[in-house]
file my_file_33.cif (mmCIF, C-alpha atoms)
data_target
#
loop_
_atom_site.label_atom_id
_atom_site.label_comp_id
_atom_site.auth_asym_id
_atom_site.auth_seq_id
_atom_site.Cartn_x
_atom_site.Cartn_y
_atom_site.Cartn_z
CA MET Z 1 -24.44 0.60 -20.49
CA LYS Z 2 -21.47 -1.60 -21.22
CA ARG Z 3 -18.05 -0.09 -21.66
CA ALA Z 4 -15.00 -1.73 -23.18
CA ILE Z 5 -12.01 -2.13 -20.90
CA ILE Z 6 -9.11 -0.06 -22.19
CA TRP Z 7 -5.76 -1.82 -22.33
CA ALA Z 8 -3.64 1.29 -22.35
CA ALA Z 9 -0.77 1.58 -24.79
CA CYS Z 10 2.02 3.06 -22.70
CA LEU Z 11 4.97 5.24 -23.43
CA PHE Z 12 7.74 4.17 -21.04
CA MET Z 13 10.25 6.89 -20.23
CA ALA Z 14 13.48 6.29 -18.32
CA ALA Z 15 14.40 9.07 -15.92
CA ALA Z 16 17.82 9.60 -14.37
CA VAL Z 17 17.42 11.24 -10.97
CA THR Z 18 19.52 12.13 -7.96
CA ALA Z 19 18.42 10.12 -4.94
CA THR Z 20 19.02 10.53 -1.22
CA GLU Z 21 19.81 7.28 0.60
CA ILE Z 22 18.67 6.66 4.18
CA LYS Z 23 20.10 3.66 6.00
CA VAL Z 24 17.48 1.71 8.00
CA GLY Z 25 17.18 -1.90 9.20
CA GLN Z 26 17.33 -5.19 7.32
CA ALA Z 27 14.76 -5.89 4.58
CA PRO Z 28 12.68 -2.70 4.87
CA ASN Z 29 9.22 -3.41 3.52
CA PHE Z 30 6.33 -1.02 4.18
CA ILE Z 31 6.47 2.72 4.78
CA ARG Z 32 3.86 5.26 5.93
CA LEU Z 33 3.93 8.95 6.74
CA THR Z 34 2.90 10.21 10.16
CA SER Z 35 -0.28 12.31 10.24
CA ASP Z 36 1.65 15.59 10.34
CA GLY Z 37 3.76 14.57 7.35
CA GLU Z 38 7.00 15.26 9.22
CA HIS Z 39 8.17 11.67 9.69
CA ALA Z 40 7.96 8.28 8.01
CA VAL Z 41 7.60 4.91 9.74
CA VAL Z 42 9.33 1.88 8.17
CA THR Z 43 8.95 -1.81 9.02
CA ASN Z 44 12.26 -3.69 8.76
CA PHE Z 45 11.06 -7.25 8.27
CA GLY Z 46 14.52 -8.84 8.28
CA SER Z 47 15.81 -7.31 11.53
CA ASP Z 48 12.46 -7.21 13.40
CA GLU Z 49 12.71 -3.45 13.87
CA ILE Z 50 10.79 -0.28 13.17
CA SER Z 51 12.53 2.86 11.95
CA LEU Z 52 11.43 6.47 12.25
CA ILE Z 53 12.75 8.85 9.59
CA SER Z 54 12.80 12.63 9.90
CA LEU Z 55 11.69 14.10 6.58
CA LYS Z 56 13.35 17.38 7.54
CA SER Z 57 16.84 15.97 8.03
CA MET Z 58 16.27 12.94 5.76
CA ARG Z 59 17.83 10.51 8.19
CA GLN Z 60 16.79 7.75 10.54
CA ILE Z 61 16.32 9.25 14.00
CA ARG Z 62 15.02 6.21 15.87
CA LYS Z 63 15.01 2.43 15.53
CA VAL Z 64 13.23 0.12 18.00
CA PRO Z 65 12.33 -3.59 18.25
CA GLY Z 66 9.14 -4.15 16.27
CA GLY Z 67 8.20 -7.74 17.11
CA TYR Z 68 8.60 -10.83 14.94
CA GLY Z 69 8.21 -10.04 11.27
CA PRO Z 70 6.90 -6.46 11.36
CA LEU Z 71 5.10 -5.63 8.13
CA GLY Z 72 1.84 -3.66 7.84
CA ILE Z 73 1.55 -0.10 9.17
CA ALA Z 74 -1.47 2.01 10.12
CA VAL Z 75 -1.07 5.50 11.55
CA GLU Z 76 -3.79 6.93 13.79
CA PRO Z 77 -5.38 10.04 12.20
CA ALA Z 78 -4.77 11.99 15.40
CA GLY Z 79 -1.10 11.05 15.06
CA ARG Z 80 -0.58 9.68 18.56
CA ARG Z 81 -0.11 5.99 17.73
CA VAL Z 82 1.06 3.69 14.97
CA TYR Z 83 -0.06 0.07 14.63
CA VAL Z 84 2.19 -2.62 13.15
CA THR Z 85 1.40 -6.23 12.21
CA ASN Z 86 3.77 -8.97 13.33
CA MET Z 87 3.48 -11.51 10.54
CA GLU Z 88 5.42 -14.26 12.33
CA SER Z 89 3.69 -14.10 15.73
CA GLY Z 90 0.05 -13.27 14.96
CA LEU Z 91 0.18 -9.97 16.83
CA VAL Z 92 -0.44 -6.29 16.27
CA LYS Z 93 1.71 -3.88 18.27
CA ALA Z 94 0.83 -0.27 19.08
CA PHE Z 95 3.62 2.29 19.43
CA THR Z 96 3.41 5.90 20.55
CA LEU Z 97 4.57 8.63 18.20
CA PRO Z 98 7.06 10.13 17.77
CA ILE Z 99 9.18 8.19 20.27
CA LEU Z 100 8.06 4.70 19.15
CA GLU Z 101 7.49 3.43 22.67
CA LEU Z 102 5.64 0.10 22.78
CA GLU Z 103 2.23 0.83 24.31
CA ASP Z 104 0.13 -2.27 23.65
CA THR Z 105 0.07 -5.71 22.00
CA PHE Z 106 -3.03 -7.38 20.54
CA LYS Z 107 -3.53 -11.01 19.54
CA VAL Z 108 -5.12 -11.32 16.10
CA GLY Z 109 -5.37 -13.94 13.34
CA HIS Z 110 -2.68 -16.20 11.92
CA VAL Z 111 0.00 -14.47 9.79
CA PRO Z 112 -1.32 -10.88 9.75
CA THR Z 113 -0.08 -8.95 6.73
CA ASP Z 114 -1.69 -5.57 6.14
CA LEU Z 115 -3.98 -3.40 8.25
CA CYS Z 116 -5.81 -0.09 8.23
CA LEU Z 117 -8.01 1.98 10.51
CA THR Z 118 -11.65 2.74 9.80
CA PRO Z 119 -12.21 6.47 9.15
CA ASP Z 120 -13.84 6.93 12.57
CA GLY Z 121 -10.75 5.46 14.25
CA TYR Z 122 -12.72 2.92 16.30
CA HIS Z 123 -11.66 -0.27 14.52
CA LEU Z 124 -8.58 -1.86 13.02
CA LEU Z 125 -9.10 -3.95 9.89
CA ILE Z 126 -6.44 -6.66 9.66
CA ALA Z 127 -5.79 -9.03 6.75
CA ASN Z 128 -4.32 -12.39 7.75
CA TYR Z 129 -3.65 -15.74 6.09
CA GLY Z 130 -5.80 -17.70 8.56
CA LYS Z 131 -5.03 -21.14 10.00
CA GLY Z 132 -6.82 -23.11 7.29
CA LYS Z 133 -7.02 -22.75 3.54
CA TRP Z 134 -8.74 -19.38 3.51
CA GLY Z 135 -7.56 -15.99 4.64
CA ARG Z 136 -9.48 -13.81 7.06
CA LEU Z 137 -10.28 -10.18 7.68
CA ASP Z 138 -10.21 -9.49 11.42
CA ILE Z 139 -12.23 -6.56 12.72
CA PHE Z 140 -10.60 -5.37 15.92
CA ASP Z 141 -12.51 -3.08 18.29
CA LEU Z 142 -10.00 -0.67 19.84
CA GLN Z 143 -12.29 0.16 22.77
CA LYS Z 144 -13.10 -3.46 23.61
CA GLN Z 145 -9.50 -4.48 22.84
CA ARG Z 146 -10.46 -7.65 20.97
CA VAL Z 147 -11.41 -9.09 17.58
CA ILE Z 148 -15.19 -8.74 17.32
CA GLU Z 149 -15.58 -10.38 13.90
CA SER Z 150 -13.49 -12.52 11.56
CA VAL Z 151 -14.64 -12.70 7.94
CA LYS Z 152 -13.46 -15.39 5.52
CA VAL Z 153 -11.85 -13.98 2.38
CA GLY Z 154 -9.62 -15.54 -0.32
CA LEU Z 155 -6.17 -17.10 -0.41
CA ARG Z 156 -3.25 -15.17 1.10
CA PRO Z 157 -4.76 -11.71 1.55
CA GLN Z 158 -1.93 -9.25 1.07
CA ALA Z 159 -3.46 -5.76 1.03
CA LEU Z 160 -6.62 -3.95 2.01
CA ALA Z 161 -8.26 -0.55 1.68
CA VAL Z 162 -11.38 0.94 3.25
CA ASN Z 163 -13.60 3.41 1.42
CA PRO Z 164 -13.96 7.00 2.71
CA ALA Z 165 -17.49 6.33 3.98
CA GLY Z 166 -16.11 3.56 6.18
CA ASP Z 167 -18.75 1.03 5.21
CA THR Z 168 -16.84 -1.13 2.71
CA VAL Z 169 -13.39 -2.72 2.78
CA TYR Z 170 -11.56 -4.30 -0.16
CA VAL Z 171 -9.10 -7.17 0.42
CA ALA Z 172 -6.59 -8.29 -2.24
CA ASN Z 173 -6.19 -12.08 -2.27
CA SER Z 174 -2.75 -12.50 -3.79
CA ALA Z 175 -2.85 -16.27 -4.41
CA GLU Z 176 -6.15 -16.43 -6.28
CA SER Z 177 -6.37 -13.18 -8.26
CA THR Z 178 -9.47 -11.80 -6.57
CA VAL Z 179 -10.48 -8.88 -4.39
CA SER Z 180 -13.05 -9.56 -1.67
CA VAL Z 181 -15.59 -6.78 -1.08
CA ILE Z 182 -16.83 -6.72 2.52
CA SER Z 183 -19.71 -4.69 3.92
CA LEU Z 184 -18.81 -3.37 7.37
CA ASP Z 185 -22.52 -2.85 8.07
CA VAL Z 186 -23.10 -6.62 8.12
CA ASN Z 187 -19.48 -7.88 8.27
CA LYS Z 188 -19.92 -10.17 5.27
CA VAL Z 189 -18.43 -10.57 1.80
CA ILE Z 190 -20.91 -8.99 -0.61
CA ASP Z 191 -18.92 -9.31 -3.83
CA THR Z 192 -15.73 -10.80 -5.27
CA LEU Z 193 -13.91 -8.96 -8.04
CA LYS Z 194 -11.94 -10.95 -10.60
CA VAL Z 195 -8.67 -9.11 -11.09
CA GLY Z 196 -5.19 -9.66 -12.52
CA ASP Z 197 -2.59 -12.20 -11.44
CA GLY Z 198 -1.09 -11.59 -8.01
CA PRO Z 199 -2.90 -8.55 -6.55
CA ASN Z 200 -0.60 -7.04 -3.93
CA GLY Z 201 -1.49 -3.36 -3.62
CA LEU Z 202 -4.75 -1.41 -3.24
CA ALA Z 203 -5.75 2.24 -2.96
CA ILE Z 204 -9.09 4.05 -3.15
CA SER Z 205 -9.53 7.60 -4.40
CA ARG Z 206 -10.75 10.15 -1.86
CA ASN Z 207 -14.16 10.39 -3.52
CA GLY Z 208 -14.54 6.62 -3.22
CA ARG Z 209 -15.16 6.12 -6.92
CA LYS Z 210 -11.94 4.45 -8.09
CA LEU Z 211 -10.04 1.43 -6.85
CA TYR Z 212 -6.41 1.06 -7.98
CA ILE Z 213 -4.88 -2.45 -7.94
CA THR Z 214 -1.32 -3.57 -8.70
CA HIS Z 215 -0.62 -7.15 -9.83
CA SER Z 216 2.89 -8.49 -9.26
CA ARG Z 217 2.60 -11.49 -11.61
CA SER Z 218 0.65 -10.07 -14.54
CA ASN Z 219 2.73 -6.86 -14.24
CA ASP Z 220 -0.01 -4.28 -14.52
CA LEU Z 221 -2.08 -1.66 -12.73
CA TRP Z 222 -5.87 -1.80 -12.96
CA VAL Z 223 -8.33 0.97 -12.22
CA TRP Z 224 -11.88 -0.03 -11.26
CA ASP Z 225 -14.94 2.20 -11.46
CA LEU Z 226 -16.61 1.26 -8.15
CA ARG Z 227 -19.94 2.88 -9.01
CA ARG Z 228 -20.34 0.96 -12.26
CA GLY Z 229 -18.54 -2.14 -11.05
CA GLN Z 230 -16.20 -2.45 -14.02
CA VAL Z 231 -12.58 -2.00 -15.01
CA LEU Z 232 -11.72 1.35 -16.56
CA HIS Z 233 -8.04 0.84 -17.39
CA LYS Z 234 -5.33 -1.80 -17.44
CA VAL Z 235 -1.87 -0.27 -17.61
CA PRO Z 236 1.29 -2.35 -18.22
CA MET Z 237 3.95 -1.87 -15.54
CA PRO Z 238 7.65 -2.74 -15.19
CA GLU Z 239 8.23 -6.20 -13.71
CA GLY Z 240 6.88 -6.97 -10.27
CA PRO Z 241 4.65 -4.00 -9.37
CA PHE Z 242 3.97 -4.28 -5.67
CA ARG Z 243 2.99 -1.56 -3.19
CA PHE Z 244 2.14 1.94 -4.38
CA SER Z 245 0.54 5.21 -3.38
CA LEU Z 246 -1.44 8.11 -4.77
CA SER Z 247 0.01 11.57 -4.29
CA PRO Z 248 -1.86 13.76 -1.76
CA ASP Z 249 -3.44 15.76 -4.59
CA GLU Z 250 -4.26 12.47 -6.39
CA LYS Z 251 -2.56 13.60 -9.58
CA TRP Z 252 0.09 10.87 -9.54
CA VAL Z 253 0.58 7.19 -8.82
CA ALA Z 254 4.00 5.88 -7.74
CA VAL Z 255 4.50 2.10 -7.95
CA ALA Z 256 7.42 0.12 -6.50
CA CYS Z 257 8.35 -2.50 -9.11
CA TYR Z 258 10.22 -5.21 -7.21
CA ARG Z 259 11.80 -7.29 -9.96
CA ALA Z 260 12.55 -4.37 -12.26
CA GLY Z 261 14.33 -2.40 -9.52
CA GLU Z 262 12.37 0.69 -10.49
CA VAL Z 263 9.63 3.04 -9.39
CA ALA Z 264 6.99 3.69 -12.04
CA VAL Z 265 5.26 7.09 -11.91
CA LEU Z 266 2.20 7.92 -13.97
CA ASP Z 267 -0.73 10.32 -14.12
CA ALA Z 268 -3.53 9.01 -11.88
CA ASP Z 269 -6.20 10.00 -14.42
CA ILE Z 270 -4.74 7.59 -17.01
CA ALA Z 271 -6.42 9.46 -19.85
CA GLY Z 272 -5.54 8.55 -23.43
CA GLU Z 273 -2.11 6.97 -23.79
CA PRO Z 274 -0.56 6.99 -20.30
CA SER Z 275 3.11 7.82 -20.01
CA VAL Z 276 4.98 5.84 -17.38
CA ARG Z 277 8.16 7.38 -16.04
CA ARG Z 278 10.56 4.67 -14.88
CA ILE Z 279 12.95 5.72 -12.13
CA PRO Z 280 15.80 3.25 -11.42
CA VAL Z 281 16.30 2.66 -7.71
CA ARG Z 282 18.23 0.09 -5.71
CA LYS Z 283 17.58 -3.61 -5.14
CA SER Z 284 14.06 -4.96 -4.66
CA PRO Z 285 11.83 -1.91 -4.06
CA VAL Z 286 8.73 -2.95 -2.10
CA ASP Z 287 6.77 0.21 -1.28
CA ALA Z 288 6.57 3.81 -2.47
CA VAL Z 289 4.90 6.78 -0.79
CA PHE Z 290 4.78 10.49 -1.59
CA THR Z 291 5.81 13.14 0.89
CA ALA Z 292 3.02 15.42 2.15
CA ASP Z 293 3.89 18.15 -0.38
CA ALA Z 294 4.13 15.58 -3.21
CA SER Z 295 7.64 16.80 -4.08
CA ARG Z 296 9.43 13.53 -3.29
CA ILE Z 297 8.82 9.79 -3.26
CA LEU Z 298 10.11 7.55 -0.46
CA VAL Z 299 10.98 4.03 -1.62
CA THR Z 300 11.82 1.05 0.60
CA CYS Z 301 14.51 -1.14 -0.98
CA GLU Z 302 14.44 -4.56 0.65
CA GLY Z 303 17.69 -5.78 -0.87
CA ASP Z 304 19.78 -2.75 0.14
CA GLU Z 305 18.55 -1.96 3.67
CA LYS Z 306 17.80 1.57 2.56
CA VAL Z 307 15.00 4.01 1.94
CA LEU Z 308 15.61 6.02 -1.22
CA VAL Z 309 14.20 9.51 -1.62
CA VAL Z 310 13.69 10.52 -5.25
CA PRO Z 311 12.16 13.68 -6.75
CA ALA Z 312 8.56 13.40 -7.85
CA PRO Z 313 7.82 14.59 -11.39
CA ALA Z 314 6.95 18.28 -11.60
CA ALA Z 315 4.78 17.74 -14.64
CA ALA Z 316 3.42 14.78 -16.51
CA PRO Z 317 5.78 13.35 -19.13
CA LYS Z 318 4.40 14.05 -22.59
CA PRO Z 319 3.50 11.08 -24.81
CA SER Z 320 4.91 11.02 -28.31
CA GLY Z 321 1.70 9.98 -30.00
CA GLY Z 322 -2.04 9.73 -29.64
CA GLY Z 323 -3.82 7.06 -27.67
CA GLN Z 324 -7.21 5.48 -27.46
CA PRO Z 325 -9.61 7.63 -25.38
#

call {"tool": "encode", "arguments": {"input": "my_file_33.cif", "output": "structure tokens"}}
result
Amino acid sequence: MKRAIIWAACLFMAAAVTATEIKVGQAPNFIRLTSDGEHAVVTNFGSDEISLISLKSMRQIRKVPGGYGPLGIAVEPAGRRVYVTNMESGLVKAFTLPILELEDTFKVGHVPTDLCLTPDGYHLLIANYGKGKWGRLDIFDLQKQRVIESVKVGLRPQALAVNPAGDTVYVANSAESTVSVISLDVNKVIDTLKVGDGPNGLAISRNGRKLYITHSRSNDLWVWDLRRGQVLHKVPMPEGPFRFSLSPDEKWVAVACYRAGEVAVLDADIAGEPSVRRIPVRKSPVDAVFTADASRILVTCEGDEKVLVVPAPAAAPKPSGGGQP
């Protein structure tokens, strides 16, 4: 059965909030919570450092050298290690938590951007630009300590997400407006999704049924139904939507909108006419992540060398009129 794609008519709502500012390194880019939810790890791309933030005191408690061009972050489920891509040296570095002591360094593909762990914790999945025209997905075996497979994807892969079953990974190819779908059973591309212009952020719902994609050039958020293989919603965003996250209860989506200097927050269900709450932040927000209790949103602001902490909405903003179901 075919279903029409819904271009959602949005109600944009500006929200004045009180923010806490946390000074970190130069050009903070990505941010992830530790497994216990007590700390956040930040990659400072401009100063080649990694920061550790205490979410109890809301301050930076440690800053260490992170290699050349630290960017992507993956935290081990057990919480003992964090892995960081070095975009400018083709390396992944492993640091112990919570002291951020360098424990290991792995050689991977050319210009690694994002990475994640498979649910079983045995493999790292690493997106990189590759040495030729096409990007690659490197599959790194943590026991063998080497790349065991390198799969060709699209141009300039910028983000990736693995499904909860651990058998499929999605790679956003930012320069060609596609998402590569890779089977980890055979380590091959099995599908290519045509998406919006400039895909830069991905997230999969816990049940594995929905894929959320932000597009920094077409300025929208798409939601794919992965079972039916079709787009459910296309939601306009403030300018330059980049990295984003779902809240732990999956009720909310928070999107860092780089050019607008805002964080957009909306209901993850996107039913009817979605209301987008626009929260002004500082210069050039890159990434946004919810705290473990979903009460606050941590935002990296590349242009201000700060992480901003803003309150998450307590309830969905109410639209002023009806929308298309």

call {"tool": "resolve_selection", "arguments": {"input": "my_file_33.cif", "expression": "the PyMOL selection byres ((chain Z and resi 86-95) around 7)", "output": "PyMOL selection string"}}
result
chain Z and resi 67-71+81-85+96-97+100-113

call {"tool": "write_last_selection", "arguments": {"input": "my_file_33.cif", "atoms": "C-alpha atoms", "output": "mmCIF file, in the coordinates of the input"}}
result
data_model
loop_
_atom_site.group_PDB
_atom_site.id
_atom_site.type_symbol
_atom_site.label_atom_id
_atom_site.label_comp_id
_atom_site.auth_asym_id
_atom_site.auth_seq_id
_atom_site.Cartn_x
_atom_site.Cartn_y
_atom_site.Cartn_z
ATOM 1 C CA GLY Z 67 8.200 -7.740 17.110
ATOM 2 C CA TYR Z 68 8.600 -10.830 14.940
ATOM 3 C CA GLY Z 69 8.210 -10.040 11.270
ATOM 4 C CA PRO Z 70 6.900 -6.460 11.360
ATOM 5 C CA LEU Z 71 5.100 -5.630 8.130
ATOM 6 C CA ARG Z 81 -0.110 5.990 17.730
ATOM 7 C CA VAL Z 82 1.060 3.690 14.970
ATOM 8 C CA TYR Z 83 -0.060 0.070 14.630
ATOM 9 C CA VAL Z 84 2.190 -2.620 13.150
ATOM 10 C CA THR Z 85 1.400 -6.230 12.210
ATOM 11 C CA THR Z 96 3.410 5.900 20.550
ATOM 12 C CA LEU Z 97 4.570 8.630 18.200
ATOM 13 C CA LEU Z 100 8.060 4.700 19.150
ATOM 14 C CA GLU Z 101 7.490 3.430 22.670
ATOM 15 C CA LEU Z 102 5.640 0.100 22.780
ATOM 16 C CA GLU Z 103 2.230 0.830 24.310
ATOM 17 C CA ASP Z 104 0.130 -2.270 23.650
ATOM 18 C CA THR Z 105 0.070 -5.710 22.000
ATOM 19 C CA PHE Z 106 -3.030 -7.380 20.540
ATOM 20 C CA LYS Z 107 -3.530 -11.010 19.540
ATOM 21 C CA VAL Z 108 -5.120 -11.320 16.100
ATOM 22 C CA GLY Z 109 -5.370 -13.940 13.340
ATOM 23 C CA HIS Z 110 -2.680 -16.200 11.920
ATOM 24 C CA VAL Z 111 0.000 -14.470 9.790
ATOM 25 C CA PRO Z 112 -1.320 -10.880 9.750
ATOM 26 C CA THR Z 113 -0.080 -8.950 6.730
#

call {"tool": "resolve_selection", "arguments": {"input": "my_file_33.cif", "expression": "the PyMOL selection byres ((chain Z and resi 241-255) around 7)", "output": "list in words"}}
result
Asn200, Gly201, Ala203, Thr214, His215, Ser216, Asn219, Asp220, Met237, Pro238, Glu239, Gly240, Ala256, Cys257, Tyr258, Val263, Ala264, Val265, Leu266, Asp267, Ala268, Val286, Asp287, Ala288, Val289, Phe290, Ala292 and Ala294 of chain Z

call {"tool": "write_last_selection", "arguments": {"input": "my_file_33.cif", "atoms": "C-alpha atoms", "output": "PDB file, in the coordinates of the input"}}
result
ATOM      1  CA  ASN Z 200      -0.600  -7.040  -3.930  1.00  0.00           C
ATOM      2  CA  GLY Z 201      -1.490  -3.360  -3.620  1.00  0.00           C
ATOM      3  CA  ALA Z 203      -5.750   2.240  -2.960  1.00  0.00           C
ATOM      4  CA  THR Z 214      -1.320  -3.570  -8.700  1.00  0.00           C
ATOM      5  CA  HIS Z 215      -0.620  -7.150  -9.830  1.00  0.00           C
ATOM      6  CA  SER Z 216       2.890  -8.490  -9.260  1.00  0.00           C
ATOM      7  CA  ASN Z 219       2.730  -6.860 -14.240  1.00  0.00           C
ATOM      8  CA  ASP Z 220      -0.010  -4.280 -14.520  1.00  0.00           C
ATOM      9  CA  MET Z 237       3.950  -1.870 -15.540  1.00  0.00           C
ATOM     10  CA  PRO Z 238       7.650  -2.740 -15.190  1.00  0.00           C
ATOM     11  CA  GLU Z 239       8.230  -6.200 -13.710  1.00  0.00           C
ATOM     12  CA  GLY Z 240       6.880  -6.970 -10.270  1.00  0.00           C
ATOM     13  CA  ALA Z 256       7.420   0.120  -6.500  1.00  0.00           C
ATOM     14  CA  CYS Z 257       8.350  -2.500  -9.110  1.00  0.00           C
ATOM     15  CA  TYR Z 258      10.220  -5.210  -7.210  1.00  0.00           C
ATOM     16  CA  VAL Z 263       9.630   3.040  -9.390  1.00  0.00           C
ATOM     17  CA  ALA Z 264       6.990   3.690 -12.040  1.00  0.00           C
ATOM     18  CA  VAL Z 265       5.260   7.090 -11.910  1.00  0.00           C
ATOM     19  CA  LEU Z 266       2.200   7.920 -13.970  1.00  0.00           C
ATOM     20  CA  ASP Z 267      -0.730  10.320 -14.120  1.00  0.00           C
ATOM     21  CA  ALA Z 268      -3.530   9.010 -11.880  1.00  0.00           C
ATOM     22  CA  VAL Z 286       8.730  -2.950  -2.100  1.00  0.00           C
ATOM     23  CA  ASP Z 287       6.770   0.210  -1.280  1.00  0.00           C
ATOM     24  CA  ALA Z 288       6.570   3.810  -2.470  1.00  0.00           C
ATOM     25  CA  VAL Z 289       4.900   6.780  -0.790  1.00  0.00           C
ATOM     26  CA  PHE Z 290       4.780  10.490  -1.590  1.00  0.00           C
ATOM     27  CA  ALA Z 292       3.020  15.420   2.150  1.00  0.00           C
ATOM     28  CA  ALA Z 294       4.130  15.580  -3.210  1.00  0.00           C
TER      29      ALA Z 294
END

call {"tool": "resolve_selection", "arguments": {"input": "my_file_33.cif", "expression": "the PyMOL selection byres ((chain Z and resi 53) around 9)", "output": "ChimeraX atom specification"}}
result
/Z:22,24,38-42,51-52,54-62

call {"tool": "residues_near_point", "arguments": {"input": "my_file_33.cif", "point": "(14.2, 1.6, 2.4)", "cutoff": "6 Å", "atoms": "only C-alpha atoms", "output": "PDB file with C-alpha atoms, in the coordinates of the input"}}
result
ATOM      1  CA  PRO Z  28      12.680  -2.700   4.870  1.00  0.00           C
ATOM      2  CA  VAL Z 299      10.980   4.030  -1.620  1.00  0.00           C
ATOM      3  CA  THR Z 300      11.820   1.050   0.600  1.00  0.00           C
ATOM      4  CA  CYS Z 301      14.510  -1.140  -0.980  1.00  0.00           C
ATOM      5  CA  GLU Z 305      18.550  -1.960   3.670  1.00  0.00           C
ATOM      6  CA  LYS Z 306      17.800   1.570   2.560  1.00  0.00           C
ATOM      7  CA  VAL Z 307      15.000   4.010   1.940  1.00  0.00           C
ATOM      8  CA  LEU Z 308      15.610   6.020  -1.220  1.00  0.00           C
TER       9      LEU Z 308
END

call {"tool": "closest_atom_pairs", "arguments": {"input": "my_file_33.cif", "of": "range 186-279 of chain Z", "to": "range 157-170 of chain Z", "cutoff": "10 Å", "atoms": "all atoms listed in the file", "output": "JSON lines"}}
result
{"residue": "Z:Val186", "atom": "CA", "partner": "Z:Asp167", "partner_atom": "CA", "distance": 9.3}
{"residue": "Z:Asn187", "atom": "CA", "partner": "Z:Thr168", "partner_atom": "CA", "distance": 9.1}
{"residue": "Z:Lys188", "atom": "CA", "partner": "Z:Thr168", "partner_atom": "CA", "distance": 9.9}
{"residue": "Z:Val189", "atom": "CA", "partner": "Z:Val169", "partner_atom": "CA", "distance": 9.4}
{"residue": "Z:Ile190", "atom": "CA", "partner": "Z:Thr168", "partner_atom": "CA", "distance": 9.5}
{"residue": "Z:Asp191", "atom": "CA", "partner": "Z:Tyr170", "partner_atom": "CA", "distance": 9.6}
{"residue": "Z:Thr192", "atom": "CA", "partner": "Z:Tyr170", "partner_atom": "CA", "distance": 9.3}
{"residue": "Z:Leu193", "atom": "CA", "partner": "Z:Tyr170", "partner_atom": "CA", "distance": 9.5}
{"residue": "Z:Gly198", "atom": "CA", "partner": "Z:Gln158", "partner_atom": "CA", "distance": 9.4}
{"residue": "Z:Pro199", "atom": "CA", "partner": "Z:Gln158", "partner_atom": "CA", "distance": 7.7}
{"residue": "Z:Asn200", "atom": "CA", "partner": "Z:Gln158", "partner_atom": "CA", "distance": 5.6}
{"residue": "Z:Gly201", "atom": "CA", "partner": "Z:Ala159", "partner_atom": "CA", "distance": 5.6}
{"residue": "Z:Leu202", "atom": "CA", "partner": "Z:Ala161", "partner_atom": "CA", "distance": 6.1}
{"residue": "Z:Ala203", "atom": "CA", "partner": "Z:Ala161", "partner_atom": "CA", "distance": 6.0}
{"residue": "Z:Ile204", "atom": "CA", "partner": "Z:Asn163", "partner_atom": "CA", "distance": 6.5}
{"residue": "Z:Ser205", "atom": "CA", "partner": "Z:Asn163", "partner_atom": "CA", "distance": 8.2}
{"residue": "Z:Arg206", "atom": "CA", "partner": "Z:Pro164", "partner_atom": "CA", "distance": 6.4}
{"residue": "Z:Asn207", "atom": "CA", "partner": "Z:Pro164", "partner_atom": "CA", "distance": 7.1}
{"residue": "Z:Gly208", "atom": "CA", "partner": "Z:Asn163", "partner_atom": "CA", "distance": 5.7}
{"residue": "Z:Arg209", "atom": "CA", "partner": "Z:Asn163", "partner_atom": "CA", "distance": 8.9}
{"residue": "Z:Lys210", "atom": "CA", "partner": "Z:Asn163", "partner_atom": "CA", "distance": 9.7}
{"residue": "Z:Leu211", "atom": "CA", "partner": "Z:Ala161", "partner_atom": "CA", "distance": 8.9}
{"residue": "Z:Tyr212", "atom": "CA", "partner": "Z:Ala161", "partner_atom": "CA", "distance": 10.0}
{"residue": "Z:Ile213", "atom": "CA", "partner": "Z:Ala159", "partner_atom": "CA", "distance": 9.7}
{"residue": "Z:Arg243", "atom": "CA", "partner": "Z:Ala159", "partner_atom": "CA", "distance": 8.8}

call {"tool": "residues_around", "arguments": {"input": "my_file_33.cif", "residues": "Glu262 in chain Z", "least_positions_apart": "2", "cutoff": "6 Å", "atoms": "all atoms listed in the file", "output": "PyMOL selection string"}}
result
chain Z and resi 257+260+279-281

call {"tool": "closest_residue", "arguments": {"input": "my_file_33.cif", "among": "Z:Leu142, Z:Gly135, Z:Gly229, Z:Asp36", "to": "Asp120 in chain Z", "atoms": "all atoms listed in the file"}}
result
Z:Leu142

call {"tool": "atom_distance", "arguments": {"input": "my_file_33.cif", "atom1": "CA of Leu155 in chain Z", "atom2": "CA of Ser177 in chain Z"}}
result
8.8 Å

call {"tool": "residues_around", "arguments": {"input": "my_file_33.cif", "residues": "Gly79 in chain Z", "least_positions_apart": "2", "cutoff": "7 Å", "atoms": "all atoms listed in the file", "output": "ChimeraX atom specification"}}
result
/Z:34-35,75-77,81,97

call {"tool": "atom_distance", "arguments": {"input": "my_file_33.cif", "atom1": "CA of Gly196 in chain Z", "atom2": "CA of Ala172 in chain Z"}}
result
10.5 Å

call {"tool": "axis_aligned_box", "arguments": {"input": "my_file_33.cif", "around": "range 193-208 of chain Z", "padding_each_side": "6 Å", "output": "lines of an AutoDock Vina configuration file"}}
result
center_x = -7.6
center_y = -0.9
center_z = -7.2
size_x = 25.9
size_y = 34.6
size_z = 22.7

call {"tool": "atom_distance", "arguments": {"input": "my_file_33.cif", "atom1": "CA of Asp114 in chain Z", "atom2": "CA of Ala74 in chain Z"}}
result
8.6 Å
